[in-house]
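Data block for upload.txt (compact mmCIF, C-alpha atoms (C1' of nucleotides)):
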```txt
# COMPACT_ATOMS: atom_id res chain seq x y z
CA MET A 1 0.00 0.00 0.00
CA LYS A 2 1.80 3.04 -1.24
CA ILE A 3 0.56 6.24 -2.81
CA ASN A 4 2.29 7.19 -6.04
CA GLU A 5 4.87 9.82 -5.34
CA GLY A 6 3.51 11.69 -8.32
CA VAL A 7 0.73 12.80 -5.99
CA GLU A 8 3.16 14.74 -3.84
CA TRP A 9 4.69 16.31 -6.91
CA ALA A 10 1.31 17.22 -8.32
CA VAL A 11 0.15 18.99 -5.18
CA HIS A 12 3.35 21.00 -4.92
CA CYS A 13 3.06 21.92 -8.59
CA CYS A 14 -0.51 23.13 -8.04
CA LEU A 15 0.74 25.27 -5.19
CA ASN A 16 3.49 26.79 -7.28
CA LEU A 17 1.11 27.41 -10.15
CA SER A 18 -1.20 29.17 -7.70
CA TRP A 19 1.59 31.56 -6.74
CA VAL A 20 2.65 32.70 -10.16
CA ALA A 21 0.43 35.12 -12.05
CA PRO A 22 -2.86 33.39 -12.84
CA ASP A 23 -2.56 33.81 -16.58
CA ARG A 24 1.10 32.83 -16.77
CA THR A 25 2.08 29.43 -18.08
CA VAL A 26 4.92 27.43 -16.56
CA THR A 27 6.60 24.63 -18.47
CA ALA A 28 7.01 21.16 -17.07
CA ALA A 29 10.76 21.67 -17.27
CA LYS A 30 10.61 24.69 -14.98
CA LEU A 31 8.39 22.96 -12.48
CA ALA A 32 10.70 19.95 -12.49
CA ALA A 33 13.83 22.06 -12.10
CA PHE A 34 12.36 23.72 -9.03
CA TYR A 35 12.51 20.40 -7.17
CA ASN A 36 15.12 18.52 -9.21
CA LEU A 37 12.54 16.09 -10.49
CA PRO A 38 12.75 14.07 -13.71
CA THR A 39 11.16 16.38 -16.26
CA ALA A 40 9.53 13.84 -18.53
CA TYR A 41 7.98 11.94 -15.67
CA LEU A 42 6.62 15.04 -14.05
CA ASN A 43 5.21 15.97 -17.43
CA LYS A 44 3.33 12.69 -17.37
CA GLN A 45 1.75 13.57 -14.06
CA LEU A 46 0.82 17.01 -15.31
CA GLN A 47 -0.86 15.41 -18.28
CA ALA A 48 -2.98 13.41 -15.86
CA LEU A 49 -3.90 16.63 -14.08
CA GLY A 50 -4.81 18.04 -17.46
CA ARG A 51 -7.10 15.13 -18.32
CA ALA A 52 -8.80 15.65 -14.96
CA GLY A 53 -9.39 19.30 -15.75
CA ILE A 54 -7.20 20.55 -12.91
CA VAL A 55 -4.62 22.25 -15.09
CA SER A 56 -4.77 23.35 -18.70
CA SER A 57 -1.87 22.98 -21.06
CA ILE A 58 -0.65 25.01 -23.99
CA SER A 59 1.77 23.72 -26.58
CA GLY A 60 4.58 25.47 -28.33
CA PRO A 61 6.86 28.34 -27.31
CA ARG A 62 5.49 30.35 -24.40
CA GLY A 63 3.41 27.27 -23.69
CA GLY A 64 3.20 25.33 -20.45
CA PHE A 65 0.71 24.62 -17.72
CA GLN A 66 -1.58 26.73 -15.62
CA LEU A 67 -4.37 26.04 -13.16
CA ALA A 68 -7.66 25.44 -14.88
CA ARG A 69 -9.71 26.48 -11.85
CA ARG A 70 -9.26 28.59 -8.77
CA PRO A 71 -7.34 26.88 -5.94
CA GLU A 72 -10.47 26.89 -3.80
CA LYS A 73 -12.04 24.55 -6.32
CA ILE A 74 -9.24 21.99 -6.32
CA THR A 75 -9.35 19.43 -3.53
CA LEU A 76 -6.61 17.03 -2.58
CA MET A 77 -9.00 14.25 -3.50
CA ASP A 78 -9.23 15.67 -7.02
CA VAL A 79 -5.47 15.53 -7.37
CA ILE A 80 -5.19 12.02 -5.99
CA ALA A 81 -8.01 10.78 -8.18
CA ALA A 82 -6.30 12.33 -11.19
CA ILE A 83 -2.96 10.64 -10.49
CA GLU A 84 -4.03 7.37 -8.94
CA GLY A 85 -7.08 6.69 -11.03
CA PRO A 86 -10.59 5.82 -9.95
CA GLU A 87 -9.81 2.45 -8.35
CA GLN A 88 -10.37 1.94 -4.66
CA ALA A 89 -7.34 1.00 -2.57
CA PHE A 90 -9.15 -2.01 -1.14
CA ARG A 91 -10.49 -4.33 -3.79
CA CYS A 92 -12.88 -7.03 -2.74
CA THR A 93 -12.02 -10.14 -4.71
CA ALA A 94 -15.06 -11.92 -3.34
CA ILE A 95 -13.09 -14.86 -2.03
CA ARG A 96 -16.23 -15.83 -0.15
CA GLN A 97 -17.64 -17.11 -3.37
CA ARG A 98 -14.64 -19.17 -4.33
CA GLY A 99 -14.20 -22.70 -3.15
CA PRO A 100 -16.47 -24.77 -0.93
CA ALA A 101 -17.50 -21.76 1.09
CA GLY A 102 -19.16 -20.27 -1.93
CA ASP A 103 -22.12 -22.61 -1.79
CA LEU A 104 -23.54 -20.73 1.11
CA ASP A 105 -23.39 -17.46 -0.73
CA ALA A 106 -24.60 -18.97 -3.95
CA ALA A 107 -27.75 -20.09 -2.19
CA ASP A 108 -28.47 -16.46 -1.46
CA GLY A 109 -27.58 -15.38 -4.95
CA TYR A 110 -24.75 -13.28 -3.53
CA ARG A 111 -27.26 -10.82 -2.19
CA LYS A 112 -25.59 -10.27 1.16
CA PRO A 113 -22.81 -7.71 1.01
CA CYS A 114 -19.43 -8.77 2.31
CA ALA A 115 -19.05 -7.30 5.80
CA VAL A 116 -15.28 -7.17 5.45
CA SER A 117 -15.51 -5.23 2.24
CA GLN A 118 -18.06 -2.89 3.77
CA ALA A 119 -15.84 -2.05 6.72
CA MET A 120 -12.84 -1.42 4.53
CA ARG A 121 -14.84 0.77 2.20
CA THR A 122 -16.24 2.78 5.06
CA ALA A 123 -12.73 3.51 6.28
CA GLU A 124 -11.61 4.45 2.83
CA PHE A 125 -14.61 6.71 2.50
CA VAL A 126 -13.70 8.77 5.56
CA TRP A 127 -10.21 9.09 4.11
CA ARG A 128 -11.60 10.34 0.83
CA LYS A 129 -13.98 12.67 2.58
CA GLU A 130 -11.19 14.21 4.62
CA LEU A 131 -9.14 14.74 1.47
CA ALA A 132 -12.11 16.20 -0.35
CA SER A 133 -12.49 18.79 2.38
CA ARG A 134 -8.95 20.11 1.88
CA THR A 135 -8.40 22.37 -1.05
CA VAL A 136 -5.20 23.62 -2.59
CA ALA A 137 -6.23 27.03 -1.30
CA ASP A 138 -6.19 25.67 2.26
CA ILE A 139 -2.66 24.33 1.86
CA LYS A 140 -1.65 27.56 0.23
CA ALA A 141 -2.98 29.57 3.15
CA ALA A 142 -1.23 27.30 5.64
CA VAL A 143 2.10 27.72 3.91
CA GLU A 144 1.67 31.48 3.70
CA ARG A 145 0.93 31.58 7.39
CA SER A 146 4.01 29.61 8.40
CA THR A 147 6.33 30.99 5.71
CA PRO A 148 5.06 34.39 4.58
CA GLN A 149 7.94 35.00 2.19
CA ALA A 150 7.31 31.78 0.27
CA PRO A 151 4.87 33.11 -2.36
CA ALA A 152 7.05 36.04 -3.38
CA ARG A 153 10.10 33.86 -3.47
CA VAL A 154 8.48 31.19 -5.60
CA ARG A 155 7.11 33.79 -7.94
CA ARG A 156 10.49 35.47 -8.26
CA TRP A 157 12.23 32.17 -8.92
CA PHE A 158 9.90 31.25 -11.74
CA ASP A 159 10.13 34.75 -13.18
CA ASN A 160 13.93 34.82 -13.07
CA SER A 161 14.30 31.35 -14.47
CA ARG A 162 12.72 32.62 -17.65
CA THR A 163 15.90 33.44 -19.57
CA MET B 1 -2.31 2.79 -4.47
CA LYS B 2 -3.53 -0.70 -3.78
CA ILE B 3 -3.91 -2.66 -0.59
CA ASN B 4 -2.35 -6.11 -0.67
CA GLU B 5 -5.02 -8.69 -1.21
CA GLY B 6 -3.47 -10.66 1.61
CA VAL B 7 -5.32 -8.26 3.88
CA GLU B 8 -8.67 -9.51 2.68
CA TRP B 9 -7.54 -13.10 3.12
CA ALA B 10 -6.22 -12.40 6.61
CA VAL B 11 -9.45 -10.85 7.84
CA HIS B 12 -11.54 -13.71 6.49
CA CYS B 13 -9.17 -16.19 8.11
CA CYS B 14 -9.49 -14.43 11.45
CA LEU B 15 -13.24 -14.67 11.10
CA ASN B 16 -13.11 -18.36 10.37
CA LEU B 17 -10.73 -18.97 13.21
CA SER B 18 -13.14 -17.15 15.48
CA TRP B 19 -15.90 -19.56 14.54
CA VAL B 20 -14.15 -22.83 15.16
CA ALA B 21 -13.59 -23.97 18.71
CA PRO B 22 -11.25 -21.51 20.44
CA ASP B 23 -8.62 -24.09 21.29
CA ARG B 24 -8.70 -25.82 17.93
CA THR B 25 -5.91 -25.29 15.46
CA VAL B 26 -6.55 -24.99 11.74
CA THR B 27 -3.80 -25.57 9.22
CA ALA B 28 -2.95 -23.08 6.52
CA ALA B 29 -3.93 -25.73 3.98
CA LYS B 30 -7.45 -25.97 5.38
CA LEU B 31 -7.90 -22.23 5.50
CA ALA B 32 -6.66 -21.95 1.93
CA ALA B 33 -8.90 -24.75 0.68
CA PHE B 34 -11.93 -22.98 2.10
CA TYR B 35 -11.48 -20.17 -0.40
CA ASN B 36 -9.37 -21.91 -3.08
CA LEU B 37 -6.37 -19.75 -2.23
CA PRO B 38 -2.73 -20.65 -2.87
CA THR B 39 -1.75 -22.45 0.31
CA ALA B 40 1.87 -21.39 0.55
CA TYR B 41 1.09 -17.76 -0.04
CA LEU B 42 -1.70 -17.71 2.51
CA ASN B 43 0.73 -19.36 4.90
CA LYS B 44 3.01 -16.40 4.34
CA GLN B 45 0.28 -14.00 5.38
CA LEU B 46 -0.56 -16.09 8.43
CA GLN B 47 3.09 -15.94 9.43
CA ALA B 48 2.83 -12.17 9.34
CA LEU B 49 -0.22 -12.35 11.57
CA GLY B 50 1.79 -14.55 13.87
CA ARG B 51 4.66 -12.09 14.09
CA ALA B 52 2.13 -9.40 14.96
CA GLY B 53 0.74 -11.52 17.77
CA ILE B 54 -2.69 -11.85 16.17
CA VAL B 55 -2.56 -15.60 15.70
CA SER B 56 -0.38 -18.20 17.30
CA SER B 57 1.06 -21.11 15.38
CA ILE B 58 1.89 -24.67 16.31
CA SER B 59 4.17 -26.86 14.25
CA GLY B 60 3.94 -30.53 13.51
CA PRO B 61 1.00 -32.90 13.25
CA ARG B 62 -2.17 -31.53 14.81
CA GLY B 63 -0.52 -28.15 14.46
CA GLY B 64 -1.91 -25.09 12.73
CA PHE B 65 -3.08 -21.61 13.59
CA GLN B 66 -5.45 -20.18 16.13
CA LEU B 67 -6.36 -16.72 17.31
CA ALA B 68 -3.91 -15.43 19.88
CA ARG B 69 -6.44 -13.01 21.39
CA ARG B 70 -10.17 -12.65 21.59
CA PRO B 71 -11.82 -11.20 18.45
CA GLU B 72 -12.79 -8.09 20.40
CA LYS B 73 -9.10 -7.34 20.81
CA ILE B 74 -8.22 -7.60 17.11
CA THR B 75 -8.87 -4.48 15.06
CA LEU B 76 -8.81 -4.23 11.30
CA MET B 77 -5.93 -1.82 11.71
CA ASP B 78 -3.97 -4.52 13.52
CA VAL B 79 -4.46 -6.89 10.61
CA ILE B 80 -3.53 -4.31 8.01
CA ALA B 81 -0.47 -3.23 9.94
CA ALA B 82 0.58 -6.87 10.22
CA ILE B 83 0.28 -7.52 6.48
CA GLU B 84 1.21 -4.16 5.03
CA GLY B 85 3.93 -3.22 7.45
CA PRO B 86 4.35 -0.03 9.43
CA GLU B 87 4.93 2.31 6.48
CA GLN B 88 2.48 5.11 5.80
CA ALA B 89 0.72 5.07 2.45
CA PHE B 90 1.79 8.63 1.77
CA ARG B 91 5.53 9.11 2.03
CA CYS B 92 6.83 12.62 2.10
CA THR B 93 10.02 12.66 0.06
CA ALA B 94 10.71 16.24 1.09
CA ILE B 95 10.97 17.47 -2.46
CA ARG B 96 10.78 20.98 -1.00
CA GLN B 97 14.35 20.61 0.08
CA ARG B 98 15.67 19.40 -3.24
CA GLY B 99 16.76 21.77 -5.92
CA PRO B 100 16.77 25.57 -5.87
CA ALA B 101 13.65 25.69 -3.77
CA GLY B 102 15.48 24.07 -0.91
CA ASP B 103 17.42 27.20 -0.02
CA LEU B 104 14.36 28.74 1.52
CA ASP B 105 13.83 25.75 3.74
CA ALA B 106 17.48 25.41 4.52
CA ALA B 107 17.46 28.94 5.89
CA ASP B 108 14.91 27.78 8.42
CA GLY B 109 16.78 24.59 9.16
CA TYR B 110 13.80 22.65 7.87
CA ARG B 111 11.84 23.59 10.94
CA LYS B 112 8.55 24.27 9.23
CA PRO B 113 6.56 21.10 8.63
CA CYS B 114 5.42 20.46 5.07
CA ALA B 115 1.77 21.48 4.83
CA VAL B 116 1.13 19.00 2.05
CA SER B 117 2.50 16.15 4.08
CA GLN B 118 0.50 17.27 7.09
CA ALA B 119 -2.77 17.25 5.20
CA MET B 120 -2.12 13.84 3.73
CA ARG B 121 -1.16 12.42 7.08
CA THR B 122 -4.25 13.84 8.71
CA ALA B 123 -6.40 12.10 6.13
CA GLU B 124 -4.53 8.88 6.58
CA PHE B 125 -4.94 9.18 10.31
CA VAL B 126 -8.74 9.31 10.14
CA TRP B 127 -8.57 6.23 7.94
CA ARG B 128 -6.44 4.42 10.48
CA LYS B 129 -8.66 5.56 13.31
CA GLU B 130 -11.76 4.25 11.58
CA LEU B 131 -10.07 0.91 10.99
CA ALA B 132 -8.83 0.79 14.57
CA SER B 133 -12.40 1.19 15.79
CA ARG B 134 -13.57 -1.91 13.94
CA THR B 135 -12.74 -5.22 15.51
CA VAL B 136 -12.98 -8.72 14.13
CA ALA B 137 -15.74 -9.22 16.63
CA ASP B 138 -17.73 -6.42 15.00
CA ILE B 139 -17.41 -8.01 11.58
CA LYS B 140 -18.26 -11.35 13.08
CA ALA B 141 -21.43 -9.95 14.62
CA ALA B 142 -22.42 -8.27 11.37
CA VAL B 143 -22.08 -11.51 9.43
CA GLU B 144 -24.01 -13.45 12.03
CA ARG B 145 -26.79 -10.90 11.85
CA SER B 146 -27.10 -11.06 8.07
CA THR B 147 -26.34 -14.77 7.71
CA PRO B 148 -27.16 -16.54 10.95
CA GLN B 149 -26.31 -19.98 9.65
CA ALA B 150 -22.79 -18.99 8.66
CA PRO B 151 -20.97 -19.81 11.92
CA ALA B 152 -22.37 -23.32 12.22
CA ARG B 153 -21.71 -23.98 8.59
CA VAL B 154 -18.13 -22.79 8.75
CA ARG B 155 -17.51 -24.79 11.87
CA ARG B 156 -19.01 -27.89 10.35
CA TRP B 157 -16.95 -27.52 7.20
CA PHE B 158 -13.67 -27.27 9.10
CA ASP B 159 -14.65 -30.17 11.32
CA ASN B 160 -15.62 -32.39 8.40
CA SER B 161 -12.57 -31.50 6.39
CA ARG B 162 -10.52 -33.14 9.11
CA THR B 163 -10.23 -36.58 7.59
C1' DG C 1 8.27 50.34 -44.45
C1' DA C 2 4.79 46.78 -43.96
C1' DA C 3 3.04 42.33 -44.79
C1' DT C 4 3.54 37.60 -45.69
C1' DA C 5 5.55 33.17 -46.21
C1' DG C 6 8.84 29.97 -44.60
C1' DG C 7 11.88 28.08 -41.30
C1' DT C 8 13.12 27.16 -36.60
C1' DA C 9 12.89 26.31 -31.93
C1' DC C 10 10.14 25.08 -28.24
C1' DT C 11 6.38 22.55 -25.73
C1' DC C 12 3.14 19.08 -24.85
C1' DG C 13 1.53 14.21 -25.78
C1' DG C 14 1.57 9.57 -26.06
C1' DA C 15 4.28 5.36 -27.02
C1' DT C 16 8.29 2.73 -25.24
C1' DA C 17 11.93 0.51 -21.69
C1' DA C 18 13.77 -0.34 -16.70
C1' DT C 19 12.94 -1.03 -11.93
C1' DG C 20 10.89 -2.63 -7.68
C1' DC C 21 7.24 -4.58 -5.10
C1' DC C 22 3.60 -7.88 -4.80
C1' DT C 23 2.41 -12.48 -5.85
C1' DG C 24 3.46 -17.21 -5.98
C1' DT C 25 6.40 -21.36 -5.02
C1' DC C 26 9.69 -24.41 -2.97
C1' DC C 27 12.35 -27.02 0.35
C1' DG C 28 14.28 -27.45 5.11
C1' DA C 29 13.74 -27.36 10.57
C1' DG C 30 11.07 -28.78 14.14
C1' DT C 31 7.54 -31.64 16.37
C1' DC C 32 4.06 -34.78 17.38
C1' DT C 33 2.35 -39.44 16.47
C1' DA C 34 2.35 -44.14 15.94
C1' DG C 35 4.38 -48.32 15.72
C1' DT C 36 7.80 -51.67 17.50
C1' DG C 37 10.77 -53.98 20.35
C1' DG C 38 12.25 -54.98 24.92
C1' DG C 39 11.62 -55.40 29.86
C1' DC D 1 1.08 -55.72 29.98
C1' DC D 2 3.74 -51.42 30.10
C1' DC D 3 7.41 -48.46 28.70
C1' DA D 4 11.02 -46.46 25.88
C1' DC D 5 12.89 -45.80 21.44
C1' DT D 6 12.86 -45.04 16.65
C1' DA D 7 11.03 -44.04 12.31
C1' DG D 8 7.74 -41.54 9.85
C1' DA D 9 4.71 -37.97 8.49
C1' DC D 10 2.95 -33.57 9.04
C1' DT D 11 3.21 -28.46 9.79
C1' DC D 12 5.22 -24.09 10.02
C1' DG D 13 9.14 -21.03 8.60
C1' DG D 14 12.03 -18.67 5.82
C1' DA D 15 14.61 -18.61 1.33
C1' DC D 16 13.91 -18.48 -3.81
C1' DA D 17 11.52 -17.15 -8.79
C1' DG D 18 7.68 -14.81 -11.83
C1' DG D 19 4.36 -11.03 -13.07
C1' DC D 20 2.60 -6.67 -12.95
C1' DA D 21 2.34 -1.82 -11.55
C1' DT D 22 5.10 2.11 -10.87
C1' DT D 23 8.97 4.80 -12.34
C1' DA D 24 11.65 6.69 -15.92
C1' DT D 25 12.67 7.93 -20.72
C1' DC D 26 12.32 9.04 -25.59
C1' DC D 27 10.71 10.80 -29.94
C1' DG D 28 6.86 12.73 -32.76
C1' DA D 29 2.83 16.32 -33.46
C1' DG D 30 1.61 20.84 -33.04
C1' DT D 31 2.29 25.77 -32.25
C1' DA D 32 4.14 30.31 -31.77
C1' DC D 33 7.87 33.16 -32.87
C1' DC D 34 11.48 35.06 -35.68
C1' DT D 35 13.53 36.14 -40.09
C1' DA D 36 13.92 37.10 -44.67
C1' DT D 37 11.84 38.30 -48.82
C1' DT D 38 8.63 40.75 -51.62
C1' DC D 39 5.33 44.46 -52.67
```
Please express what this file holds, its structure, as structure tokens.
Amino acid sequence: MKINEGVEWAVHCCLNLSWVAPDRTVTAAKLAAFYNLPTAYLNKQLQALGRAGIVSSISGPRGGFQLARRPEKITLMDVIAAIEGPEQAFRCTAIRQRGPAGDLDAADGYRKPCAVSQAMRTAEFVWRKELASRTVADIKAAVERSTPQAPARVRRWFDNSRT
Amino acid sequence: MKINEGVEWAVHCCLNLSWVAPDRTVTAAKLAAFYNLPTAYLNKQLQALGRAGIVSSISGPRGGFQLARRPEKITLMDVIAAIEGPEQAFRCTAIRQRGPAGDLDAADGYRKPCAVSQAMRTAEFVWRKELASRTVADIKAAVERSTPQAPARVRRWFDNSRT
DNA sequence: GAATAGGTACTCGGATAATGCCTGTCCGAGTCTAGTGGG
DNA sequence: CCCACTAGACTCGGACAGGCATTATCCGAGTACCTATTC
């Protein structure tokens, strides 16, 4: 059980995009250089964010990525769903129905839900709900509170790095 | 992000062990046959449960596994921790501190916690808490409520399968 | 001098390898049982 | 008849391969910009 590290990258990229001018585009290369990340792989993650409608991309010179919505409208759950895909972490393989034990279930036509699966899904649901309640704007505000100079610094770095 | 399917197997095995006589041992082969699972691999998961103190194992003829504590004392979190290991699902790789961006953090001696990591950990914590509040006994009760004949049937099957 | 056409450089986008973890399997160590021989 | 010993079989336990998802990389499609040429 491990969350793709692309999720961490994606959230940080959303933050950085929220600090540069809203209409400015930032290339994947710049975003990667900021954290010493592999450019092409980060680009892949940004593509996923694009497909999810979190960022919009522009090709060609002066192209790059920018947030497609306001940070208040981007939840951590959105980002995770974009990177990780729609699958649940816990996948019920219905082992109840395999082997001799299955007869009991078969008699019921598999109507009864699996209590194990239910409990796991409930737990996963509270996790998702918590993540859905946190927006990029919340994280942004938290960072600005603990490190007030961060936004200006990030903005300056991305401005200066433009040759 | 995917939970090892051994977790599902382990919980079902704990349930079955809770239904046979408390002092009876059940071999990994029997538990595997009940769901048509690969015996050796299930054995591996049961070993993990053993190391975590959830089941106890006895070698040799008439050996096998049995619950090491009462079902009320075994939470789903215990089982998951036993199978998945102690690692968190979200692992902060501290990308903040890598590359040019790191200078800002370095100036602070990395004192400020990463807001992204904090949010992810909070979400994971509610997940863990939910799982820690569900015991095997709870699942057991839920199954017995929806399928009252299950316990007797399981018990009978494991008794009969003893040649 | 202005406009246009062509070339060039730059960026995203998806297709293509390499790596690591999860899944699956195997054989050895230990232990209980049962049978056998002796007292 | 009872006991001790030995051989056997059975089970867990950890060490050893295979498959798939994640990680990483590369090259092509498309676009904007710049330049040179022409009116």
Problem set entry | Interface residues on chain B facing chain A, 7 Å, all atoms listed in the file, written as a ChimeraX atom specification | /B:1-4,33-36,84,89-90,95-96,98-101,115-116,123-124,126-127,130-131,139,142-143
For this session: Name the residues in contact with stretch 5-13 of chain D at a cut-off of 8 Å, using only C-alpha atoms (C1' of nucleotides), excluding same-chain residues fewer than 4 positions from it; report them as a VMD selection string.
Result: chain B and resid 27 47 57 to 64
Problem set entry | Shortest interatomic distance to chain B - which of D:DC27, D:DC1, D:DA21, D:DC16, counting only C-alpha atoms (C1' of nucleotides) | D:DA21
To test the calculation: enclose all listed atoms of stretch 135-147 of chain A in a box whose edges run along x, y and z, add 4 Å on each side, then state centre and edge lengths in Å to one decimal, as JSON.
```
{"center_x": -1.0, "center_y": 27.0, "center_z": 2.9, "size_x": 22.7, "size_y": 17.2, "size_z": 19.0}
```
Exercise. Given the choices C:DC22, C:DA34, C:DC12, C:DC27, which gets closest to chain B if the distance is worked out from all atoms listed in the file?
Worked result: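 Looking only at the distances to chain B, the closest residue turns out to be C:DC22.
Picture a line from atom CA of B:Lys30 to atom CA of B:Arg70; it runs 21.2 Å.
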When you get a sec, could you note down which chain D residues fall within 10 Å of chain A, using only C-alpha atoms (C1' of nucleotides), as a PDB file with C-alpha atoms (C1' of nucleotides), keeping the file's coordinate frame?
```pdb
ATOM      1  C1'  DT D  22       5.100   2.110 -10.870  1.00  0.00           C
ATOM      2  C1'  DT D  23       8.970   4.800 -12.340  1.00  0.00           C
ATOM      3  C1'  DA D  24      11.650   6.690 -15.920  1.00  0.00           C
ATOM      4  C1'  DT D  25      12.670   7.930 -20.720  1.00  0.00           C
ATOM      5  C1'  DC D  26      12.320   9.040 -25.590  1.00  0.00           C
ATOM      6  C1'  DG D  30       1.610  20.840 -33.040  1.00  0.00           C
ATOM      7  C1'  DT D  31       2.290  25.770 -32.250  1.00  0.00           C
ATOM      8  C1'  DA D  32       4.140  30.310 -31.770  1.00  0.00           C
ATOM      9  C1'  DC D  33       7.870  33.160 -32.870  1.00  0.00           C
TER      10       DC D  33
END
```
Seminar exercise, completed: Nearest to chain C, restricted to only C-alpha atoms (C1' of nucleotides) and choosing among A:Ala137, A:Ala52, A:Ala28, A:Pro22, comes out as A:Ala28
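Rounded to one decimal, atom CA of B:Arg121 and atom CA of B:Ala81 lie 15.9 Å from each other.
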Exercise. So how many Å separate atom CA of A:Cys14 and atom CA of A:Val55, to one decimal?
Worked result: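 So the two atoms, atom CA of A:Cys14 and atom CA of A:Val55, lie 8.2 Å apart.
With all atoms listed in the file as the basis for measurement, C:DT11 is the residue among C:DT4, C:DT11, C:DT23, C:DT36 that approaches chain A most closely.
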Problem set entry | Shell around A:Ala48 at 9 Å using all atoms listed in the file, local window under 5 positions removed, as an MDAnalysis selection string | chainID A and resid 43 53:54 82:83
Exercise. Of the candidates C:DA2, C:DC10, C:DA15, C:DA29, which shows the shortest atom-to-atom distance to chain B, using only C-alpha atoms (C1' of nucleotides)?
Worked result: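 Among the listed residues, the smallest separation from chain B belongs to C:DA29.
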For this session: Could you list the residues in chain C lying within 9 Å of chain B, using all atoms listed in the file, and format the result as JSON, numbers by chain?
Result: {"C": [22, 23, 24, 25, 30, 31, 32, 33]}
Generate the coordinates of all heavy atoms for stretch 39-44 of chain B; report them as a tab-separated table (two decimals), in the frame of the given file.
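Wrote it out as selection.tsv, contents follow:
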```tsv
chain	number	residue	atom	x	y	z
B	39	THR	N	-2.05	-22.11	-1.08
B	39	THR	CA	-1.75	-22.45	0.31
B	39	THR	C	-0.49	-21.77	0.82
B	39	THR	O	-0.49	-21.13	1.88
B	39	THR	CB	-1.58	-23.97	0.44
B	39	THR	OG1	-2.78	-24.61	-0.01
B	39	THR	CG2	-1.31	-24.36	1.88
B	40	ALA	N	0.59	-21.89	0.06
B	40	ALA	CA	1.87	-21.39	0.55
B	40	ALA	C	1.84	-19.88	0.75
B	40	ALA	O	2.43	-19.35	1.69
B	40	ALA	CB	2.98	-21.76	-0.42
B	41	TYR	N	1.13	-19.22	-0.14
B	41	TYR	CA	1.09	-17.76	-0.04
B	41	TYR	C	0.23	-17.33	1.15
B	41	TYR	O	0.58	-16.40	1.89
B	41	TYR	CB	0.56	-17.16	-1.33
B	41	TYR	CG	0.71	-15.67	-1.42
B	41	TYR	CD1	1.78	-15.03	-0.83
B	41	TYR	CD2	-0.22	-14.91	-2.10
B	41	TYR	CE1	1.93	-13.65	-0.91
B	41	TYR	CE2	-0.09	-13.54	-2.18
B	41	TYR	CZ	0.98	-12.92	-1.59
B	41	TYR	OH	1.10	-11.56	-1.66
B	42	LEU	N	-0.88	-18.02	1.33
B	42	LEU	CA	-1.70	-17.71	2.51
B	42	LEU	C	-0.89	-17.97	3.78
B	42	LEU	O	-0.95	-17.20	4.74
B	42	LEU	CB	-2.97	-18.56	2.51
B	42	LEU	CG	-3.84	-18.37	3.76
B	42	LEU	CD1	-4.32	-16.94	3.86
B	42	LEU	CD2	-5.01	-19.34	3.75
B	43	ASN	N	-0.12	-19.04	3.75
B	43	ASN	CA	0.73	-19.36	4.90
B	43	ASN	C	1.65	-18.17	5.22
B	43	ASN	O	1.87	-17.83	6.38
B	43	ASN	CB	1.57	-20.60	4.59
B	43	ASN	CG	2.35	-21.06	5.80
B	43	ASN	OD1	1.93	-20.87	6.94
B	43	ASN	ND2	3.50	-21.66	5.56
B	44	LYS	N	2.15	-17.56	4.17
B	44	LYS	CA	3.01	-16.40	4.34
B	44	LYS	C	2.28	-15.28	5.09
B	44	LYS	O	2.83	-14.65	5.99
B	44	LYS	CB	3.46	-15.91	2.98
B	44	LYS	CG	4.63	-14.97	2.98
B	44	LYS	CD	4.94	-14.57	1.54
B	44	LYS	CE	6.09	-13.61	1.44
B	44	LYS	NZ	7.36	-14.22	1.84
```
